[in-house]
Amino acid sequence: MTPDDCLAAYELAARYAVLGEKEQALRWLDRLELLRWGFALGDPHFGALAQTPEYREVAARLAGFQPRVARSSPSFTLSEKALTPEGITYDPVTDTFFVSSIRKRKVVAMARNGQLRDFTASGQDGLLGVLGMKVDAARRHLWVASYASRGMENARPEERGHSGLFQYDLRSGVLLRKFPLGNQPRANLLNDIALSASGDVFMTNSERGTVSVLRTGTEALALLMPEGTLPYPNGIALSEDGARLYVAHAHGIASVDTSTGQHTPVQAPPGVLLAGLDGLSAYRGSLIGIQNGFGRGRIVRFHFGADPTRVERAEILESGNPLFDIPTTGTVVGNTFVYIANSQLRRRGPQGELLPPEQLDETVLLQVELGE
């Protein structure tokens, strides 16, 4: 029905590979080659097929279509190898970055000179693996999304499916409020956070396919839209006028009314893929996205025109960087985008366990100038 849909061809190839239907998988990979798919293949998506010479041949050809864009420069290096960082946010008042750790179940603060300190201790206040975070600079708060990852230290089976939102005082590091979510009747995974000027906190719940909100002056999380509305919502950003949320999900980006939860898909011109996005940031009438759902990942800027629900063009800011080992999220600081280049989330052993620290690299944060 949609013969030029690269995303559909990729998904079909991956699913046939997982099912062990080698010929069908290779047929759809050949289709991707005809369509000049612009991403290297993500080997973990293709199971045992990725070990075959036929797959390696087509993967090498497809890798040739991936654009090489090198505009980033080093920003910081995190010496603590076992962090497995995922989220990053910035406090303009103190010129401090905050980086989350899935593995160590904590938040670290980083000064402009690169000096690190623990903002929270591991597991403090019941923290699970830490994902998205946002600084509320005006109110001096740090909002933290946390979930029970199997890759976190001291994980217990009964914690699977648990998640929570944590509110910290930026000055003291003291926990102000905690909003825990259990795993009944279904699992929860609070993933990323956006803040409004009035202090409303919006967060994606990836497992439940929705966006939750904590309105200013309330004491309970509420659903902004029915569960199951979006397929695995992840990155989230508030438009500069505060009227809409941009929510990245498995198949694209949704524009969501912050008051009603009504949503429409963001449209894009042919050849511009809005799927596979993790971190999402708004910047001067555009969105900065980390597109890590395919291959080694890329940093891309989606430019809007008069219509805030229609992308006019995409600008690749970084692609083909050898450092990329699942870039995850970033934060806008002035005219610069600072992002995690190598979260090392794919550095796993045969049973899916995270590798020991001695087999990991130091985490590198890169930065790219955005301009106008």
# chains A, B, ... in the order shown; residues from 1 in each chain; ligands from 1
>>> closest_atom_pairs(of="segment 44-162 of chain A", to="segment 194-208 of chain A", cutoff="12 Å", atoms="only C-alpha atoms", output="Markdown table")
| residue | atom | partner | partner_atom | distance |
| --- | --- | --- | --- | --- |
| A:Thr89 | CA | A:Ala194 | CA | 10.9 |
| A:Leu131 | CA | A:Thr204 | CA | 11.1 |
| A:Gly132 | CA | A:Met203 | CA | 8.8 |
| A:Met133 | CA | A:Ala194 | CA | 8.4 |
| A:Lys134 | CA | A:Ala194 | CA | 6.8 |
| A:Val135 | CA | A:Leu195 | CA | 8.5 |
| A:Asp136 | CA | A:Leu195 | CA | 7.4 |
| A:Ala137 | CA | A:Ala197 | CA | 10.3 |
| A:Ala138 | CA | A:Ala197 | CA | 8.9 |
| A:Arg139 | CA | A:Gly199 | CA | 8.4 |
| A:Arg140 | CA | A:Gly199 | CA | 11.1 |
| A:His141 | CA | A:Gly199 | CA | 10.1 |
| A:Leu142 | CA | A:Leu195 | CA | 10.6 |
| A:Trp143 | CA | A:Val201 | CA | 8.3 |
| A:Val144 | CA | A:Met203 | CA | 9.9 |
| A:Ala145 | CA | A:Met203 | CA | 8.0 |
| A:Ser146 | CA | A:Asn205 | CA | 10.9 |
| A:Tyr147 | CA | A:Asn205 | CA | 10.3 |
| A:Arg160 | CA | A:Glu207 | CA | 11.7 |
| A:Gly161 | CA | A:Glu207 | CA | 8.5 |
| A:His162 | CA | A:Glu207 | CA | 10.5 |
>>> write_last_selection(atoms="N, CA, C and O atoms", output="PDB file, in the first residue's frame")
ATOM      1  N   THR A  89      20.067  17.752  31.829  1.00  0.00           N
ATOM      2  CA  THR A  89      19.373  19.025  31.895  1.00  0.00           C
ATOM      3  C   THR A  89      20.346  20.068  32.430  1.00  0.00           C
ATOM      4  O   THR A  89      21.434  19.726  32.910  1.00  0.00           O
ATOM      5  N   LEU A 131      16.032   8.440  34.358  1.00  0.00           N
ATOM      6  CA  LEU A 131      15.923   8.775  32.940  1.00  0.00           C
ATOM      7  C   LEU A 131      15.870  10.289  32.763  1.00  0.00           C
ATOM      8  O   LEU A 131      16.788  10.991  33.108  1.00  0.00           O
ATOM      9  N   GLY A 132      14.743  10.790  32.231  1.00  0.00           N
ATOM     10  CA  GLY A 132      14.639  12.207  31.922  1.00  0.00           C
ATOM     11  C   GLY A 132      14.573  13.092  33.149  1.00  0.00           C
ATOM     12  O   GLY A 132      14.074  12.681  34.213  1.00  0.00           O
ATOM     13  N   MET A 133      15.068  14.329  33.010  1.00  0.00           N
ATOM     14  CA  MET A 133      15.063  15.305  34.097  1.00  0.00           C
ATOM     15  C   MET A 133      14.830  16.690  33.495  1.00  0.00           C
ATOM     16  O   MET A 133      15.130  16.925  32.334  1.00  0.00           O
ATOM     17  N   LYS A 134      14.305  17.596  34.314  1.00  0.00           N
ATOM     18  CA  LYS A 134      14.176  18.988  33.905  1.00  0.00           C
ATOM     19  C   LYS A 134      14.412  19.898  35.102  1.00  0.00           C
ATOM     20  O   LYS A 134      13.910  19.638  36.207  1.00  0.00           O
ATOM     21  N   VAL A 135      15.180  20.956  34.885  1.00  0.00           N
ATOM     22  CA  VAL A 135      15.385  21.994  35.888  1.00  0.00           C
ATOM     23  C   VAL A 135      14.278  23.028  35.766  1.00  0.00           C
ATOM     24  O   VAL A 135      13.977  23.503  34.664  1.00  0.00           O
ATOM     25  N   ASP A 136      13.648  23.344  36.883  1.00  0.00           N
ATOM     26  CA  ASP A 136      12.743  24.485  36.976  1.00  0.00           C
ATOM     27  C   ASP A 136      13.566  25.601  37.599  1.00  0.00           C
ATOM     28  O   ASP A 136      13.662  25.728  38.825  1.00  0.00           O
ATOM     29  N   ALA A 137      14.186  26.417  36.735  1.00  0.00           N
ATOM     30  CA  ALA A 137      15.140  27.422  37.218  1.00  0.00           C
ATOM     31  C   ALA A 137      14.466  28.472  38.074  1.00  0.00           C
ATOM     32  O   ALA A 137      15.045  28.948  39.059  1.00  0.00           O
ATOM     33  N   ALA A 138      13.234  28.846  37.736  1.00  0.00           N
ATOM     34  CA  ALA A 138      12.549  29.911  38.471  1.00  0.00           C
ATOM     35  C   ALA A 138      12.210  29.482  39.888  1.00  0.00           C
ATOM     36  O   ALA A 138      12.355  30.262  40.842  1.00  0.00           O
ATOM     37  N   ARG A 139      11.777  28.247  40.047  1.00  0.00           N
ATOM     38  CA  ARG A 139      11.333  27.765  41.363  1.00  0.00           C
ATOM     39  C   ARG A 139      12.424  26.995  42.093  1.00  0.00           C
ATOM     40  O   ARG A 139      12.222  26.537  43.202  1.00  0.00           O
ATOM     41  N   ARG A 140      13.572  26.802  41.436  1.00  0.00           N
ATOM     42  CA  ARG A 140      14.727  26.107  41.995  1.00  0.00           C
ATOM     43  C   ARG A 140      14.402  24.665  42.358  1.00  0.00           C
ATOM     44  O   ARG A 140      14.682  24.176  43.457  1.00  0.00           O
ATOM     45  N   HIS A 141      13.821  23.971  41.392  1.00  0.00           N
ATOM     46  CA  HIS A 141      13.489  22.555  41.559  1.00  0.00           C
ATOM     47  C   HIS A 141      14.144  21.730  40.449  1.00  0.00           C
ATOM     48  O   HIS A 141      14.394  22.229  39.347  1.00  0.00           O
ATOM     49  N   LEU A 142      14.387  20.476  40.748  1.00  0.00           N
ATOM     50  CA  LEU A 142      14.804  19.501  39.749  1.00  0.00           C
ATOM     51  C   LEU A 142      13.778  18.384  39.735  1.00  0.00           C
ATOM     52  O   LEU A 142      13.513  17.754  40.767  1.00  0.00           O
ATOM     53  N   TRP A 143      13.195  18.132  38.564  1.00  0.00           N
ATOM     54  CA  TRP A 143      12.222  17.052  38.394  1.00  0.00           C
ATOM     55  C   TRP A 143      12.913  15.863  37.749  1.00  0.00           C
ATOM     56  O   TRP A 143      13.645  16.013  36.767  1.00  0.00           O
ATOM     57  N   VAL A 144      12.672  14.678  38.283  1.00  0.00           N
ATOM     58  CA  VAL A 144      13.391  13.465  37.887  1.00  0.00           C
ATOM     59  C   VAL A 144      12.392  12.339  37.602  1.00  0.00           C
ATOM     60  O   VAL A 144      11.505  12.064  38.419  1.00  0.00           O
ATOM     61  N   ALA A 145      12.541  11.701  36.447  1.00  0.00           N
ATOM     62  CA  ALA A 145      11.751  10.512  36.114  1.00  0.00           C
ATOM     63  C   ALA A 145      12.607   9.279  36.366  1.00  0.00           C
ATOM     64  O   ALA A 145      13.779   9.222  35.963  1.00  0.00           O
ATOM     65  N   SER A 146      12.022   8.271  37.018  1.00  0.00           N
ATOM     66  CA  SER A 146      12.775   7.089  37.419  1.00  0.00           C
ATOM     67  C   SER A 146      11.949   5.843  37.159  1.00  0.00           C
ATOM     68  O   SER A 146      10.722   5.869  37.272  1.00  0.00           O
ATOM     69  N   TYR A 147      12.624   4.761  36.775  1.00  0.00           N
ATOM     70  CA  TYR A 147      11.903   3.497  36.539  1.00  0.00           C
ATOM     71  C   TYR A 147      12.807   2.316  36.866  1.00  0.00           C
ATOM     72  O   TYR A 147      14.040   2.450  36.914  1.00  0.00           O
ATOM     73  N   ARG A 160      10.006  -4.650  38.961  1.00  0.00           N
ATOM     74  CA  ARG A 160       9.779  -4.475  37.534  1.00  0.00           C
ATOM     75  C   ARG A 160       8.418  -3.847  37.277  1.00  0.00           C
ATOM     76  O   ARG A 160       7.414  -4.250  37.857  1.00  0.00           O
ATOM     77  N   GLY A 161       8.396  -2.838  36.413  1.00  0.00           N
ATOM     78  CA  GLY A 161       7.151  -2.155  36.108  1.00  0.00           C
ATOM     79  C   GLY A 161       6.850  -0.987  37.023  1.00  0.00           C
ATOM     80  O   GLY A 161       5.854  -0.285  36.820  1.00  0.00           O
ATOM     81  N   HIS A 162       7.720  -0.747  38.015  1.00  0.00           N
ATOM     82  CA  HIS A 162       7.532   0.395  38.899  1.00  0.00           C
ATOM     83  C   HIS A 162       8.233   1.626  38.318  1.00  0.00           C
ATOM     84  O   HIS A 162       9.237   1.511  37.603  1.00  0.00           O
TER      85      HIS A 162
END
>>> select_by_dssp(residues="segment 187-337 of chain A", states="strand (DSSP E)", output="compact mmCIF listing (two decimals) with C-alpha atoms, in the first residue's frame")
# COMPACT_ATOMS: atom_id res chain seq x y z
CA LEU A 190 7.92 7.52 33.18
CA ASN A 191 10.51 8.43 30.58
CA ASP A 192 10.99 12.12 29.84
CA ILE A 193 9.75 15.46 31.22
CA ALA A 194 8.65 18.89 29.99
CA LEU A 195 7.79 21.93 32.13
CA VAL A 201 4.98 19.00 34.76
CA PHE A 202 4.33 16.79 31.73
CA MET A 203 5.89 13.34 31.39
CA THR A 204 5.71 10.51 28.89
CA ASN A 205 4.67 7.09 30.19
CA THR A 210 0.21 8.19 27.30
CA VAL A 211 1.34 11.55 28.68
CA SER A 212 0.74 12.26 32.36
CA VAL A 213 0.60 15.71 33.95
CA LEU A 214 1.07 17.14 37.41
CA ALA A 222 -3.37 12.79 35.93
CA LEU A 223 -3.64 11.43 32.40
CA ILE A 236 8.80 15.38 24.97
CA ALA A 237 9.20 19.13 24.43
CA LEU A 238 6.95 22.11 25.04
CA ARG A 244 1.40 22.32 22.57
CA LEU A 245 3.59 19.44 23.50
CA TYR A 246 5.66 17.67 20.90
CA VAL A 247 5.80 14.00 21.83
CA ALA A 248 8.13 11.59 20.04
CA HIS A 249 6.77 8.06 19.75
CA GLY A 252 6.67 9.76 14.57
CA ILE A 253 5.86 12.93 16.51
CA ALA A 254 2.48 13.99 17.90
CA SER A 255 1.39 17.56 18.56
CA VAL A 256 -0.63 17.52 21.79
CA ASP A 257 -2.80 20.30 23.19
CA HIS A 263 -3.45 15.44 19.39
CA THR A 264 -2.57 15.40 15.71
CA PRO A 265 0.39 13.81 13.92
CA LEU A 277 13.45 9.70 18.21
CA ASP A 278 14.56 9.71 21.83
CA GLY A 279 15.39 13.11 23.30
CA LEU A 280 13.46 16.11 21.96
CA SER A 281 14.13 19.84 22.53
CA ALA A 282 12.38 22.96 21.20
CA TYR A 283 14.54 25.73 19.78
CA SER A 286 12.29 24.01 15.41
CA LEU A 287 12.80 20.72 17.22
CA ILE A 288 16.19 19.19 17.98
CA GLY A 289 15.88 15.42 18.08
CA ILE A 290 18.22 12.54 18.84
CA GLN A 291 17.23 9.83 16.39
CA ARG A 298 22.05 10.97 14.48
CA ILE A 299 21.26 14.48 15.70
CA VAL A 300 18.66 16.22 13.54
CA ARG A 301 16.87 19.55 13.55
CA PHE A 302 13.32 19.75 12.21
CA HIS A 303 12.40 23.21 10.95
CA PHE A 304 8.78 24.41 11.04
CA VAL A 311 7.95 20.10 9.30
CA GLU A 312 9.23 22.01 6.29
CA ARG A 313 12.73 20.56 6.20
CA ALA A 314 15.19 18.49 8.22
CA GLU A 315 18.79 19.48 8.93
CA ILE A 316 21.23 16.79 10.03
CA LEU A 317 23.53 18.20 12.69
CA GLU A 318 25.64 15.09 13.34
CA SER A 319 25.69 11.65 11.71
CA GLY A 330 20.50 16.62 25.08
CA THR A 331 19.79 20.09 26.40
CA VAL A 332 19.83 23.52 24.78
CA VAL A 333 22.24 26.00 26.40
CA THR A 336 24.38 25.28 21.72
CA PHE A 337 22.98 21.77 22.03
>>> residues_around(residues="Arg150 of chain A", least_positions_apart="3", cutoff="12 Å", atoms="only C-alpha atoms", output="list in words")
Ile102, Arg103, Lys104, Arg105, Leu128, Gly129, Tyr147, Glu153, Asn154, Ala155, Arg156, Pro157, Glu158, Glu159, Arg160, Gly161, His162, Leu345, Arg348, Gln351, Gly352, Glu353 and Leu354 of chain A
>>> write_last_selection(atoms="N, CA and C atoms", output="PDB file, in the first residue's frame")
ATOM      1  N   ILE A 102      21.206   5.458  34.865  1.00  0.00           N
ATOM      2  CA  ILE A 102      20.334   4.295  34.974  1.00  0.00           C
ATOM      3  C   ILE A 102      20.956   3.259  35.903  1.00  0.00           C
ATOM      4  N   ARG A 103      22.216   2.985  35.677  1.00  0.00           N
ATOM      5  CA  ARG A 103      22.859   1.898  36.414  1.00  0.00           C
ATOM      6  C   ARG A 103      23.033   2.225  37.895  1.00  0.00           C
ATOM      7  N   LYS A 104      23.503   3.434  38.186  1.00  0.00           N
ATOM      8  CA  LYS A 104      23.827   3.799  39.563  1.00  0.00           C
ATOM      9  C   LYS A 104      22.641   4.383  40.328  1.00  0.00           C
ATOM     10  N   ARG A 105      21.484   4.547  39.634  1.00  0.00           N
ATOM     11  CA  ARG A 105      20.259   4.999  40.301  1.00  0.00           C
ATOM     12  C   ARG A 105      20.476   6.337  41.005  1.00  0.00           C
ATOM     13  N   LEU A 128      15.011   4.654  41.421  1.00  0.00           N
ATOM     14  CA  LEU A 128      15.293   3.502  40.569  1.00  0.00           C
ATOM     15  C   LEU A 128      16.265   3.985  39.489  1.00  0.00           C
ATOM     16  N   GLY A 129      16.297   3.349  38.343  1.00  0.00           N
ATOM     17  CA  GLY A 129      17.112   3.871  37.257  1.00  0.00           C
ATOM     18  C   GLY A 129      16.588   5.239  36.849  1.00  0.00           C
ATOM     19  N   TYR A 147      12.624   4.761  36.775  1.00  0.00           N
ATOM     20  CA  TYR A 147      11.903   3.497  36.539  1.00  0.00           C
ATOM     21  C   TYR A 147      12.807   2.316  36.866  1.00  0.00           C
ATOM     22  N   GLU A 153      21.646  -1.161  39.377  1.00  0.00           N
ATOM     23  CA  GLU A 153      22.246  -1.936  40.463  1.00  0.00           C
ATOM     24  C   GLU A 153      21.192  -2.338  41.496  1.00  0.00           C
ATOM     25  N   ASN A 154      21.373  -3.513  42.053  1.00  0.00           N
ATOM     26  CA  ASN A 154      20.505  -4.020  43.130  1.00  0.00           C
ATOM     27  C   ASN A 154      19.033  -4.079  42.722  1.00  0.00           C
ATOM     28  N   ALA A 155      18.813  -4.397  41.451  1.00  0.00           N
ATOM     29  CA  ALA A 155      17.435  -4.524  40.976  1.00  0.00           C
ATOM     30  C   ALA A 155      16.782  -5.765  41.586  1.00  0.00           C
ATOM     31  N   ARG A 156      15.512  -5.637  41.949  1.00  0.00           N
ATOM     32  CA  ARG A 156      14.753  -6.750  42.482  1.00  0.00           C
ATOM     33  C   ARG A 156      13.607  -7.093  41.535  1.00  0.00           C
ATOM     34  N   PRO A 157      13.346  -8.367  41.319  1.00  0.00           N
ATOM     35  CA  PRO A 157      12.291  -8.747  40.368  1.00  0.00           C
ATOM     36  C   PRO A 157      10.946  -8.104  40.666  1.00  0.00           C
ATOM     37  N   GLU A 158      10.623  -7.943  41.938  1.00  0.00           N
ATOM     38  CA  GLU A 158       9.301  -7.392  42.279  1.00  0.00           C
ATOM     39  C   GLU A 158       9.179  -5.906  41.934  1.00  0.00           C
ATOM     40  N   GLU A 159      10.302  -5.254  41.609  1.00  0.00           N
ATOM     41  CA  GLU A 159      10.258  -3.835  41.251  1.00  0.00           C
ATOM     42  C   GLU A 159       9.926  -3.608  39.777  1.00  0.00           C
ATOM     43  N   ARG A 160      10.006  -4.650  38.961  1.00  0.00           N
ATOM     44  CA  ARG A 160       9.779  -4.475  37.534  1.00  0.00           C
ATOM     45  C   ARG A 160       8.418  -3.847  37.277  1.00  0.00           C
ATOM     46  N   GLY A 161       8.396  -2.838  36.413  1.00  0.00           N
ATOM     47  CA  GLY A 161       7.151  -2.155  36.108  1.00  0.00           C
ATOM     48  C   GLY A 161       6.850  -0.987  37.023  1.00  0.00           C
ATOM     49  N   HIS A 162       7.720  -0.747  38.015  1.00  0.00           N
ATOM     50  CA  HIS A 162       7.532   0.395  38.899  1.00  0.00           C
ATOM     51  C   HIS A 162       8.233   1.626  38.318  1.00  0.00           C
ATOM     52  N   LEU A 345      24.232   1.981  26.261  1.00  0.00           N
ATOM     53  CA  LEU A 345      23.092   1.121  26.590  1.00  0.00           C
ATOM     54  C   LEU A 345      23.128  -0.202  25.835  1.00  0.00           C
ATOM     55  N   ARG A 348      26.148  -4.750  26.299  1.00  0.00           N
ATOM     56  CA  ARG A 348      25.537  -5.778  27.147  1.00  0.00           C
ATOM     57  C   ARG A 348      26.142  -7.147  26.864  1.00  0.00           C
ATOM     58  N   GLN A 351      23.303 -12.325  28.150  1.00  0.00           N
ATOM     59  CA  GLN A 351      21.992 -12.410  28.804  1.00  0.00           C
ATOM     60  C   GLN A 351      21.320 -11.046  28.926  1.00  0.00           C
ATOM     61  N   GLY A 352      21.858 -10.051  28.222  1.00  0.00           N
ATOM     62  CA  GLY A 352      21.282  -8.725  28.279  1.00  0.00           C
ATOM     63  C   GLY A 352      21.776  -7.872  29.420  1.00  0.00           C
ATOM     64  N   GLU A 353      22.699  -8.410  30.226  1.00  0.00           N
ATOM     65  CA  GLU A 353      23.196  -7.669  31.376  1.00  0.00           C
ATOM     66  C   GLU A 353      24.212  -6.607  30.927  1.00  0.00           C
ATOM     67  N   LEU A 354      24.284  -5.497  31.644  1.00  0.00           N
ATOM     68  CA  LEU A 354      25.270  -4.478  31.343  1.00  0.00           C
ATOM     69  C   LEU A 354      26.668  -5.016  31.612  1.00  0.00           C
TER      70      LEU A 354
END
>>> residues_around(residues="segment 108-115 of chain A", least_positions_apart="3", cutoff="9 Å", atoms="only C-alpha atoms", output="compact mmCIF listing (two decimals) with N, CA and C atoms, in the first residue's frame")
# COMPACT_ATOMS: atom_id res chain seq x y z
N SER A 75 32.51 18.41 24.65
CA SER A 75 32.02 19.31 25.68
C SER A 75 32.55 18.87 27.05
N PHE A 76 32.22 17.64 27.47
CA PHE A 76 32.68 17.09 28.74
C PHE A 76 32.93 15.60 28.59
N THR A 77 33.71 15.05 29.51
CA THR A 77 33.89 13.62 29.63
C THR A 77 33.59 13.21 31.07
N LEU A 78 32.77 12.17 31.21
CA LEU A 78 32.41 11.67 32.54
C LEU A 78 33.33 10.50 32.88
N THR A 94 23.04 28.51 38.08
CA THR A 94 24.35 28.12 38.64
C THR A 94 25.31 27.61 37.57
N ASP A 95 24.89 27.63 36.30
CA ASP A 95 25.71 27.13 35.20
C ASP A 95 26.15 25.68 35.46
N THR A 96 25.16 24.85 35.83
CA THR A 96 25.42 23.46 36.20
C THR A 96 24.60 22.52 35.33
N PHE A 97 25.23 21.44 34.89
CA PHE A 97 24.54 20.37 34.18
C PHE A 97 24.21 19.24 35.17
N PHE A 98 23.09 18.59 34.92
CA PHE A 98 22.71 17.41 35.70
C PHE A 98 22.55 16.24 34.74
N VAL A 99 23.17 15.12 35.10
CA VAL A 99 23.16 13.93 34.25
C VAL A 99 22.59 12.77 35.06
N SER A 100 21.68 12.01 34.45
CA SER A 100 21.05 10.89 35.15
C SER A 100 21.82 9.60 34.92
N SER A 101 21.70 8.69 35.85
CA SER A 101 22.36 7.39 35.74
C SER A 101 21.34 6.28 35.90
N ASP A 118 28.02 13.99 43.22
CA ASP A 118 26.73 13.33 43.31
C ASP A 118 25.69 14.34 43.84
N PHE A 119 24.66 14.58 43.06
CA PHE A 119 23.54 15.39 43.55
C PHE A 119 22.66 14.54 44.46
N THR A 120 22.46 13.29 44.08
CA THR A 120 21.82 12.31 44.96
C THR A 120 22.75 11.11 45.09
N ALA A 121 22.61 10.41 46.17
CA ALA A 121 23.34 9.14 46.33
C ALA A 121 22.59 8.04 45.59
>>> atom_distance(atom1="atom CA of Thr2 of chain A", atom2="atom CA of Val266 of chain A")
18.4 Å
>>> atom_distance(atom1="atom CA of Trp37 of chain A", atom2="atom CA of Gly87 of chain A")
28.5 Å
>>> select_by_dssp(residues="segment 6-118 of chain A", states="alpha helix (DSSP H)", output="short mmCIF file (atom, residue, chain, number, x, y, z; two decimals) with N, CA, C and O atoms, in the first residue's frame")
data_model
loop_
_atom_site.label_atom_id
_atom_site.label_comp_id
_atom_site.auth_asym_id
_atom_site.auth_seq_id
_atom_site.Cartn_x
_atom_site.Cartn_y
_atom_site.Cartn_z
N CYS A 6 9.93 3.77 3.96
CA CYS A 6 11.16 3.15 4.47
C CYS A 6 10.96 2.55 5.85
O CYS A 6 11.50 1.47 6.15
N LEU A 7 10.22 3.25 6.70
CA LEU A 7 10.02 2.76 8.06
C LEU A 7 9.31 1.41 8.05
O LEU A 7 9.68 0.48 8.77
N ALA A 8 8.27 1.29 7.21
CA ALA A 8 7.54 0.03 7.14
C ALA A 8 8.45 -1.09 6.66
O ALA A 8 8.42 -2.21 7.18
N ALA A 9 9.28 -0.81 5.65
CA ALA A 9 10.19 -1.82 5.14
C ALA A 9 11.19 -2.25 6.20
O ALA A 9 11.50 -3.44 6.34
N TYR A 10 11.71 -1.29 6.96
CA TYR A 10 12.66 -1.61 8.03
C TYR A 10 12.00 -2.49 9.09
O TYR A 10 12.57 -3.50 9.51
N GLU A 11 10.80 -2.08 9.52
CA GLU A 11 10.10 -2.85 10.56
C GLU A 11 9.78 -4.26 10.09
O GLU A 11 9.91 -5.23 10.85
N LEU A 12 9.37 -4.40 8.84
CA LEU A 12 9.06 -5.73 8.32
C LEU A 12 10.32 -6.60 8.26
O LEU A 12 10.30 -7.78 8.62
N ALA A 13 11.42 -6.01 7.80
CA ALA A 13 12.68 -6.76 7.73
C ALA A 13 13.08 -7.25 9.12
O ALA A 13 13.47 -8.41 9.30
N ALA A 14 12.99 -6.37 10.11
CA ALA A 14 13.38 -6.74 11.47
C ALA A 14 12.47 -7.82 12.04
O ALA A 14 12.93 -8.76 12.69
N ARG A 15 11.17 -7.70 11.81
CA ARG A 15 10.25 -8.68 12.37
C ARG A 15 10.39 -10.04 11.70
O ARG A 15 10.34 -11.08 12.37
N TYR A 16 10.57 -10.06 10.40
CA TYR A 16 10.81 -11.34 9.74
C TYR A 16 12.11 -11.98 10.23
O TYR A 16 12.20 -13.20 10.41
N ALA A 17 13.13 -11.12 10.50
CA ALA A 17 14.40 -11.65 11.00
C ALA A 17 14.21 -12.31 12.36
O ALA A 17 14.72 -13.41 12.61
N VAL A 18 13.48 -11.66 13.25
CA VAL A 18 13.25 -12.20 14.58
C VAL A 18 12.46 -13.51 14.50
O VAL A 18 12.68 -14.44 15.29
N LYS A 22 14.31 -15.89 7.06
CA LYS A 22 15.49 -15.23 6.49
C LYS A 22 15.22 -14.61 5.12
O LYS A 22 15.58 -13.45 4.87
N GLU A 23 14.59 -15.37 4.23
CA GLU A 23 14.40 -14.86 2.87
C GLU A 23 13.51 -13.64 2.84
O GLU A 23 13.76 -12.68 2.09
N GLN A 24 12.43 -13.67 3.64
CA GLN A 24 11.55 -12.51 3.69
C GLN A 24 12.28 -11.30 4.26
O GLN A 24 12.13 -10.17 3.77
N ALA A 25 13.08 -11.51 5.30
CA ALA A 25 13.82 -10.41 5.89
C ALA A 25 14.78 -9.79 4.88
O ALA A 25 14.88 -8.56 4.75
N LEU A 26 15.50 -10.65 4.17
CA LEU A 26 16.46 -10.14 3.18
C LEU A 26 15.75 -9.44 2.03
O LEU A 26 16.27 -8.46 1.47
N ARG A 27 14.54 -9.90 1.70
CA ARG A 27 13.79 -9.24 0.62
C ARG A 27 13.46 -7.80 1.01
O ARG A 27 13.59 -6.87 0.19
N TRP A 28 13.07 -7.60 2.27
CA TRP A 28 12.74 -6.24 2.69
C TRP A 28 14.00 -5.40 2.89
O TRP A 28 13.97 -4.18 2.69
N LEU A 29 15.11 -6.02 3.24
CA LEU A 29 16.37 -5.28 3.29
C LEU A 29 16.79 -4.83 1.90
O LEU A 29 17.31 -3.72 1.71
N ASP A 30 16.57 -5.68 0.92
CA ASP A 30 16.84 -5.28 -0.47
C ASP A 30 15.96 -4.10 -0.87
O ASP A 30 16.39 -3.20 -1.61
N ARG A 31 14.72 -4.11 -0.37
CA ARG A 31 13.82 -3.00 -0.65
C ARG A 31 14.36 -1.71 -0.05
O ARG A 31 14.32 -0.64 -0.68
N LEU A 32 14.90 -1.81 1.16
CA LEU A 32 15.50 -0.63 1.78
C LEU A 32 16.66 -0.10 0.95
O LEU A 32 16.85 1.11 0.83
N GLU A 33 17.43 -0.99 0.36
CA GLU A 33 18.55 -0.56 -0.46
C GLU A 33 18.05 0.19 -1.69
O GLU A 33 18.60 1.23 -2.07
N LEU A 34 16.97 -0.30 -2.29
CA LEU A 34 16.39 0.39 -3.45
C LEU A 34 15.89 1.78 -3.06
O LEU A 34 15.96 2.73 -3.86
N PRO A 53 26.43 -13.95 6.45
CA PRO A 53 27.13 -13.15 5.44
C PRO A 53 26.18 -12.36 4.55
O PRO A 53 26.51 -11.25 4.13
N GLU A 54 24.97 -12.88 4.29
CA GLU A 54 24.02 -12.15 3.45
C GLU A 54 23.61 -10.83 4.11
O GLU A 54 23.53 -9.78 3.45
N TYR A 55 23.36 -10.91 5.40
CA TYR A 55 23.00 -9.69 6.13
C TYR A 55 24.16 -8.71 6.12
O TYR A 55 23.98 -7.51 5.87
N ARG A 56 25.37 -9.18 6.42
CA ARG A 56 26.52 -8.28 6.50
C ARG A 56 26.77 -7.58 5.17
O ARG A 56 27.17 -6.42 5.14
N GLU A 57 26.51 -8.28 4.07
CA GLU A 57 26.73 -7.66 2.75
C GLU A 57 25.76 -6.51 2.51
O GLU A 57 26.15 -5.42 2.09
N VAL A 58 24.48 -6.77 2.76
CA VAL A 58 23.50 -5.70 2.53
C VAL A 58 23.65 -4.59 3.56
O VAL A 58 23.47 -3.41 3.24
N ALA A 59 24.05 -4.94 4.79
CA ALA A 59 24.26 -3.92 5.82
C ALA A 59 25.40 -2.99 5.42
O ALA A 59 25.33 -1.77 5.64
N ALA A 60 26.45 -3.54 4.83
CA ALA A 60 27.58 -2.72 4.39
C ALA A 60 27.15 -1.76 3.28
O ALA A 60 27.56 -0.60 3.24
N ARG A 61 26.31 -2.25 2.38
CA ARG A 61 25.84 -1.38 1.29
C ARG A 61 24.94 -0.27 1.83
O ARG A 61 25.05 0.89 1.43
N LEU A 62 24.05 -0.64 2.76
CA LEU A 62 23.15 0.37 3.33
C LEU A 62 23.92 1.41 4.13
O LEU A 62 23.55 2.59 4.14
N ALA A 63 24.98 0.98 4.80
CA ALA A 63 25.79 1.93 5.57
C ALA A 63 26.38 3.01 4.68
O ALA A 63 26.62 4.14 5.13
#
>>> closest_residue(among="A:Pro308, A:Pro180, A:Gly271, A:Gly261", to="Asp241 of chain A", atoms="only C-alpha atoms")
A:Pro308
>>> closest_residue(among="A:Pro92, A:Gly276, A:Gly297, A:Pro44", to="Leu170 of chain A", atoms="only C-alpha atoms")
A:Pro92
